[in-house]
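Undergrad: Take a look at final25.cif, mmCIF, C-alpha atoms and all ligand atoms:
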data_my_file
loop_
_atom_site.label_atom_id
_atom_site.label_comp_id
_atom_site.auth_asym_id
_atom_site.auth_seq_id
_atom_site.Cartn_x
_atom_site.Cartn_y
_atom_site.Cartn_z
CA MET A 2 99.06 63.91 124.48
CA ASN A 3 97.79 60.54 123.36
CA ASN A 4 97.88 57.40 125.45
CA PHE A 5 98.39 53.99 123.91
CA ILE A 6 99.03 50.41 124.93
CA CYS A 7 102.70 49.78 124.27
CA GLN A 8 103.53 47.06 121.75
CA ASN A 9 106.88 46.59 123.41
CA CYS A 10 106.00 46.15 127.07
CA GLY A 11 102.19 45.98 127.19
CA VAL A 12 101.87 48.94 129.53
CA GLU A 13 99.83 52.05 128.76
CA HIS A 14 102.12 54.93 127.80
CA THR A 15 101.73 58.56 127.01
CA GLU A 16 103.14 59.54 123.63
CA LEU A 17 106.51 61.25 123.93
CA PRO A 18 106.25 64.80 122.57
CA SER A 19 109.40 66.34 121.17
CA LEU A 20 111.29 68.74 123.40
CA ALA A 21 111.77 71.72 121.14
CA PHE A 22 113.68 74.96 121.38
CA ASN A 23 112.21 77.94 119.53
CA ALA A 24 115.60 79.52 118.96
CA PRO A 25 119.30 78.98 119.50
CA PHE A 26 120.67 79.94 122.92
CA HIS A 27 122.66 82.74 121.27
CA TYR A 28 119.38 84.31 120.11
CA ASP A 29 117.54 83.85 123.40
CA ILE A 30 120.14 85.82 125.34
CA LEU A 31 119.74 88.95 123.18
CA ASN A 32 117.48 91.74 124.34
CA SER A 33 114.38 92.54 122.27
CA VAL A 34 115.96 95.56 120.58
CA ASP A 35 118.96 93.53 119.41
CA LYS A 36 116.69 90.73 118.27
CA GLU A 37 114.78 93.23 116.19
CA LYS A 38 117.84 94.97 114.77
CA PHE A 39 120.44 92.26 114.34
CA THR A 40 118.71 88.97 113.75
CA ASP A 41 116.72 87.24 111.10
CA LYS A 42 114.78 84.20 112.32
CA ASP A 43 112.00 81.85 111.35
CA ASP A 44 111.13 78.29 112.38
CA ASP A 45 114.11 76.71 110.63
CA PHE A 46 116.76 79.37 110.11
CA CYS A 47 118.37 81.97 112.32
CA VAL A 48 121.03 84.53 111.45
CA ILE A 49 122.65 86.81 114.01
CA HIS A 50 124.65 89.81 112.81
CA HIS A 51 127.42 90.72 115.21
CA GLU A 52 129.76 93.67 114.68
CA ASP A 53 132.62 91.47 113.54
CA GLN A 54 130.91 88.30 112.34
CA ILE A 55 127.67 86.67 111.29
CA ASP A 56 126.42 83.48 112.98
CA TYR A 57 124.23 80.98 111.14
CA PHE A 58 121.93 78.44 112.80
CA ILE A 59 119.52 75.80 111.52
CA ARG A 60 116.83 73.80 113.31
CA THR A 61 117.48 70.06 113.56
CA VAL A 62 116.40 66.98 115.53
CA LEU A 63 118.43 64.87 117.93
CA GLN A 64 116.79 61.49 118.56
CA VAL A 65 117.66 59.68 121.78
CA PRO A 66 116.61 56.01 121.59
CA ILE A 67 114.37 54.51 124.28
CA LEU A 68 115.63 51.21 125.68
CA ASN A 69 113.62 48.18 124.51
CA HIS A 70 111.18 50.41 122.62
CA ASP A 71 110.78 51.45 118.98
CA GLU A 72 110.60 55.05 120.10
CA THR A 73 112.90 58.01 120.43
CA LEU A 74 112.89 61.08 122.63
CA ASP A 75 113.28 63.88 120.11
CA TYR A 76 115.06 67.11 120.97
CA GLY A 77 114.27 69.92 118.54
CA VAL A 78 117.58 71.74 118.68
CA TRP A 79 119.55 74.32 116.74
CA VAL A 80 123.07 73.91 115.47
CA SER A 81 125.47 76.57 114.26
CA VAL A 82 126.76 75.97 110.76
CA SER A 83 129.05 77.65 108.23
CA LYS A 84 127.75 80.19 105.74
CA GLU A 85 128.31 77.66 102.93
CA THR A 86 126.20 75.07 104.74
CA MET A 87 123.50 77.65 105.47
CA ASP A 88 123.32 78.76 101.84
CA GLU A 89 123.23 75.23 100.46
CA TYR A 90 120.67 73.94 102.95
CA ARG A 91 118.47 77.02 102.54
CA LEU A 92 118.38 76.45 98.79
CA MET A 93 117.57 72.77 99.25
CA PHE A 94 114.86 73.69 101.77
CA ALA A 95 113.31 76.33 99.49
CA ASN A 96 113.25 73.96 96.52
CA LYS A 97 111.94 71.10 98.67
CA GLU A 98 114.74 69.02 97.23
CA ALA A 99 115.16 65.56 98.67
CA GLU A 100 118.86 65.08 99.02
CA GLU A 101 120.79 63.40 101.78
CA LYS A 102 123.66 65.69 102.62
CA ASN A 103 126.14 65.71 105.48
CA TYR A 104 127.21 68.90 107.16
CA PHE A 105 129.11 69.87 110.27
CA GLY A 106 127.38 71.74 113.08
CA MET A 107 127.75 72.62 116.74
CA LEU A 108 124.88 72.21 119.16
CA SER A 109 123.51 75.61 120.13
CA ASN A 110 121.03 74.89 122.91
CA GLU A 111 121.47 74.21 126.60
CA ILE A 112 119.63 70.97 127.31
CA GLU A 113 118.78 71.23 131.01
CA ASP A 114 118.62 67.46 131.45
CA TYR A 115 122.43 67.41 131.53
CA GLU A 116 124.75 68.68 134.21
CA SER A 117 127.51 69.73 131.87
CA SER A 118 126.78 72.19 129.09
CA THR A 119 125.53 70.82 125.80
CA ILE A 120 126.48 73.95 123.87
CA GLY A 121 129.26 73.43 121.35
CA LEU A 122 129.01 69.64 121.09
CA TYR A 123 130.15 68.55 117.62
CA MET A 124 127.44 67.14 115.39
CA GLN A 125 127.15 65.63 111.98
CA VAL A 126 124.02 67.13 110.39
CA VAL A 127 122.23 64.81 107.96
CA THR A 128 119.45 66.18 105.76
CA GLN A 129 116.46 63.88 105.28
CA LEU A 130 114.96 62.49 102.09
CA ASP A 131 111.41 62.71 103.51
CA GLY A 132 111.54 66.48 103.91
CA CYS A 133 111.77 66.29 107.71
CA ARG A 134 114.28 68.40 109.59
CA PRO A 135 117.92 67.23 109.49
CA LEU A 136 118.95 64.62 112.04
CA LEU A 137 122.04 64.91 114.21
CA ILE A 138 124.73 62.30 114.68
CA PRO A 139 126.98 63.33 117.58
CA TYR A 140 130.74 63.03 117.25
CA GLU A 141 132.36 60.68 119.73
CA SER A 142 132.41 62.21 123.20
CA GLU A 143 132.24 61.26 126.86
CA HIS A 144 129.41 63.77 127.28
CA GLN A 145 126.33 62.10 128.79
CA LEU A 146 124.10 63.35 125.96
CA VAL A 147 126.30 61.55 123.44
CA GLN A 148 126.36 58.44 125.61
CA ASP A 149 122.55 58.55 125.85
CA TRP A 150 122.31 58.93 122.07
CA LEU A 151 124.54 55.86 121.68
CA ASN A 152 123.07 53.64 124.39
CA GLY A 153 119.50 54.84 124.86
CA ILE A 154 117.60 55.86 128.00
CA HIS A 155 114.80 54.22 129.97
CA ARG A 156 111.27 55.19 129.01
CA ASP A 157 110.60 56.38 132.57
CA GLU A 158 113.60 58.68 132.30
CA ALA A 159 112.22 60.05 129.01
CA MET A 160 108.85 60.75 130.67
CA LEU A 161 110.60 62.52 133.55
CA ARG A 162 112.34 64.77 131.06
CA VAL A 163 109.09 65.46 129.22
CA ASN A 164 107.24 66.24 132.45
CA SER A 165 109.98 68.54 133.69
CA VAL A 166 109.39 70.96 130.80
CA LEU A 167 105.57 70.79 130.75
ZN ZN B 1 106.50 50.21 126.67
#
What is this file in structure tokens?
TA:
Amino acid sequence: MNNFICQNCGVEHTELPSLAFNAPFHYDILNSVDKEKFTDKDDDFCVIHHEDQIDYFIRTVLQVPILNHDETLDYGVWVSVSKETMDEYRLMFANKEAEEKNYFGMLSNEIEDYESSTIGLYMQVVTQLDGCRPLLIPYESEHQLVQDWLNGIHRDEAMLRVNSVL
């Protein structure tokens, strides 16, 4: 990680790495045989074939603002989406098309920094014109994650969260 003198407060900081999940929670809990047989996953897409339904997930980014800083703490998270969304986004992704589209998704990772579960939180999924992963805009909720997204967190708090996963 790189250190730098902060333009905002003049103190030396360590760059905030993103806190990324390699897969949706629903994938992680499967045993290796089921992963092999019933799933289809890469860095950006995950499909899980259940007996009675198919679940679709895409990789996105949730950016929590840092108070008084031009920085964000980025969570690399997965959201579950509809088949229609999956198909459309996959096509856009494959063609490297730059289109800003809005989809609906539900957060599919357990972010340990929060006491109450983050799984199932409603998200607006916005694809990016610069080819980066879609950004999330949480729906209104009392959940602390949504409050943090709205109001920001202290930089020290962000570093604590980073250090707790390293
Ligand atoms: Zn600073």
Undergrad: Which residues are near ligand ZN 1 (chain B) in this structure, taking near to mean any atom at most 9 Å from a ligand atom and counting all atoms listed in the file? Format them as a list of chain:residue names.
TA: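 The neighbouring residues of ligand ZN 1 (chain B) are, in order, A:Ile6, A:Cys7, A:Gln8, A:Asn9, A:Cys10, A:Gly11, A:Val12, A:Glu13, A:His14, A:Asn69, A:His70, A:Asp71, A:Arg156.
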Undergrad: Which residue, A:Leu161, A:Phe22, A:Tyr28, A:Ile120, has the smallest gap to A:His51 when you use all atoms listed in the file?
TA: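 Using all atoms listed in the file, the shortest distance to A:His51 belongs to A:Tyr28.
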Undergrad: Find, counting only C-alpha atoms, the residue in A:Glu101, A:Asp45, A:Glu37, A:Glu85 that gets nearest to A:Asp131.
TA: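 Answer, going by the shortest atom-to-atom distance: A:Glu101.
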Undergrad: Check the smallest atom-to-atom distance from each of A:Asn103, A:Ser142, A:Ser81, A:Asn23 to A:Gln125 using only C-alpha atoms, then report the winner.
TA: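 Looking only at the distances to A:Gln125, the closest residue turns out to be A:Asn103.
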Undergrad: Please check which residues have atoms at most 12 Å from (119.5, 79.9, 113.8) in the file's coordinates, counting all atoms listed in the file, and write them as an NGL selection string.
TA: :A and (22-29 or 40-50 or 55-61 or 78-84 or 87 or 91 or 106-110)
Undergrad: Rank A:Phe39, A:Ala21, A:Phe5, A:Pro66 by their smallest atom-to-atom distance to A:Asn152, using only C-alpha atoms, and report the top residue only.
TA: A:Pro66
Undergrad: Please, can stretch 14-25 of chain A be completed to N, CA, C and O atoms and returned as a tab-separated table (two decimals), in the coordinates of the input?
TA:
chain	number	residue	atom	x	y	z
A	14	HIS	N	101.17	53.82	127.79
A	14	HIS	CA	102.12	54.93	127.80
A	14	HIS	C	101.46	56.19	127.28
A	14	HIS	O	100.48	56.14	126.56
A	15	THR	N	102.07	57.30	127.64
A	15	THR	CA	101.73	58.56	127.01
A	15	THR	C	102.74	58.81	125.90
A	15	THR	O	103.93	58.58	126.09
A	16	GLU	N	102.26	59.24	124.76
A	16	GLU	CA	103.14	59.54	123.63
A	16	GLU	C	104.21	60.55	124.05
A	16	GLU	O	103.92	61.49	124.78
A	17	LEU	N	105.43	60.33	123.59
A	17	LEU	CA	106.51	61.25	123.93
A	17	LEU	C	106.49	62.44	122.97
A	17	LEU	O	106.74	62.26	121.78
A	18	PRO	N	106.19	63.64	123.47
A	18	PRO	CA	106.25	64.80	122.57
A	18	PRO	C	107.71	65.18	122.36
A	18	PRO	O	108.58	64.77	123.15
A	19	SER	N	108.01	65.93	121.32
A	19	SER	CA	109.40	66.34	121.17
A	19	SER	C	109.66	67.56	122.05
A	19	SER	O	108.77	68.36	122.33
A	20	LEU	N	110.89	67.64	122.53
A	20	LEU	CA	111.29	68.74	123.40
A	20	LEU	C	112.00	69.77	122.52
A	20	LEU	O	113.15	69.58	122.14
A	21	ALA	N	111.27	70.81	122.18
A	21	ALA	CA	111.77	71.72	121.14
A	21	ALA	C	112.19	73.08	121.69
A	21	ALA	O	111.58	73.61	122.61
A	22	PHE	N	113.21	73.61	121.10
A	22	PHE	CA	113.68	74.96	121.38
A	22	PHE	C	113.24	75.86	120.22
A	22	PHE	O	113.43	75.52	119.06
A	23	ASN	N	112.68	77.02	120.57
A	23	ASN	CA	112.21	77.94	119.53
A	23	ASN	C	113.32	78.69	118.83
A	23	ASN	O	113.14	79.24	117.75
A	24	ALA	N	114.48	78.73	119.50
A	24	ALA	CA	115.60	79.52	118.96
A	24	ALA	C	116.90	79.00	119.54
A	24	ALA	O	116.90	78.34	120.58
A	25	PRO	N	118.02	79.32	118.89
A	25	PRO	CA	119.30	78.98	119.50
A	25	PRO	C	119.53	79.80	120.78
A	25	PRO	O	119.00	80.91	120.90
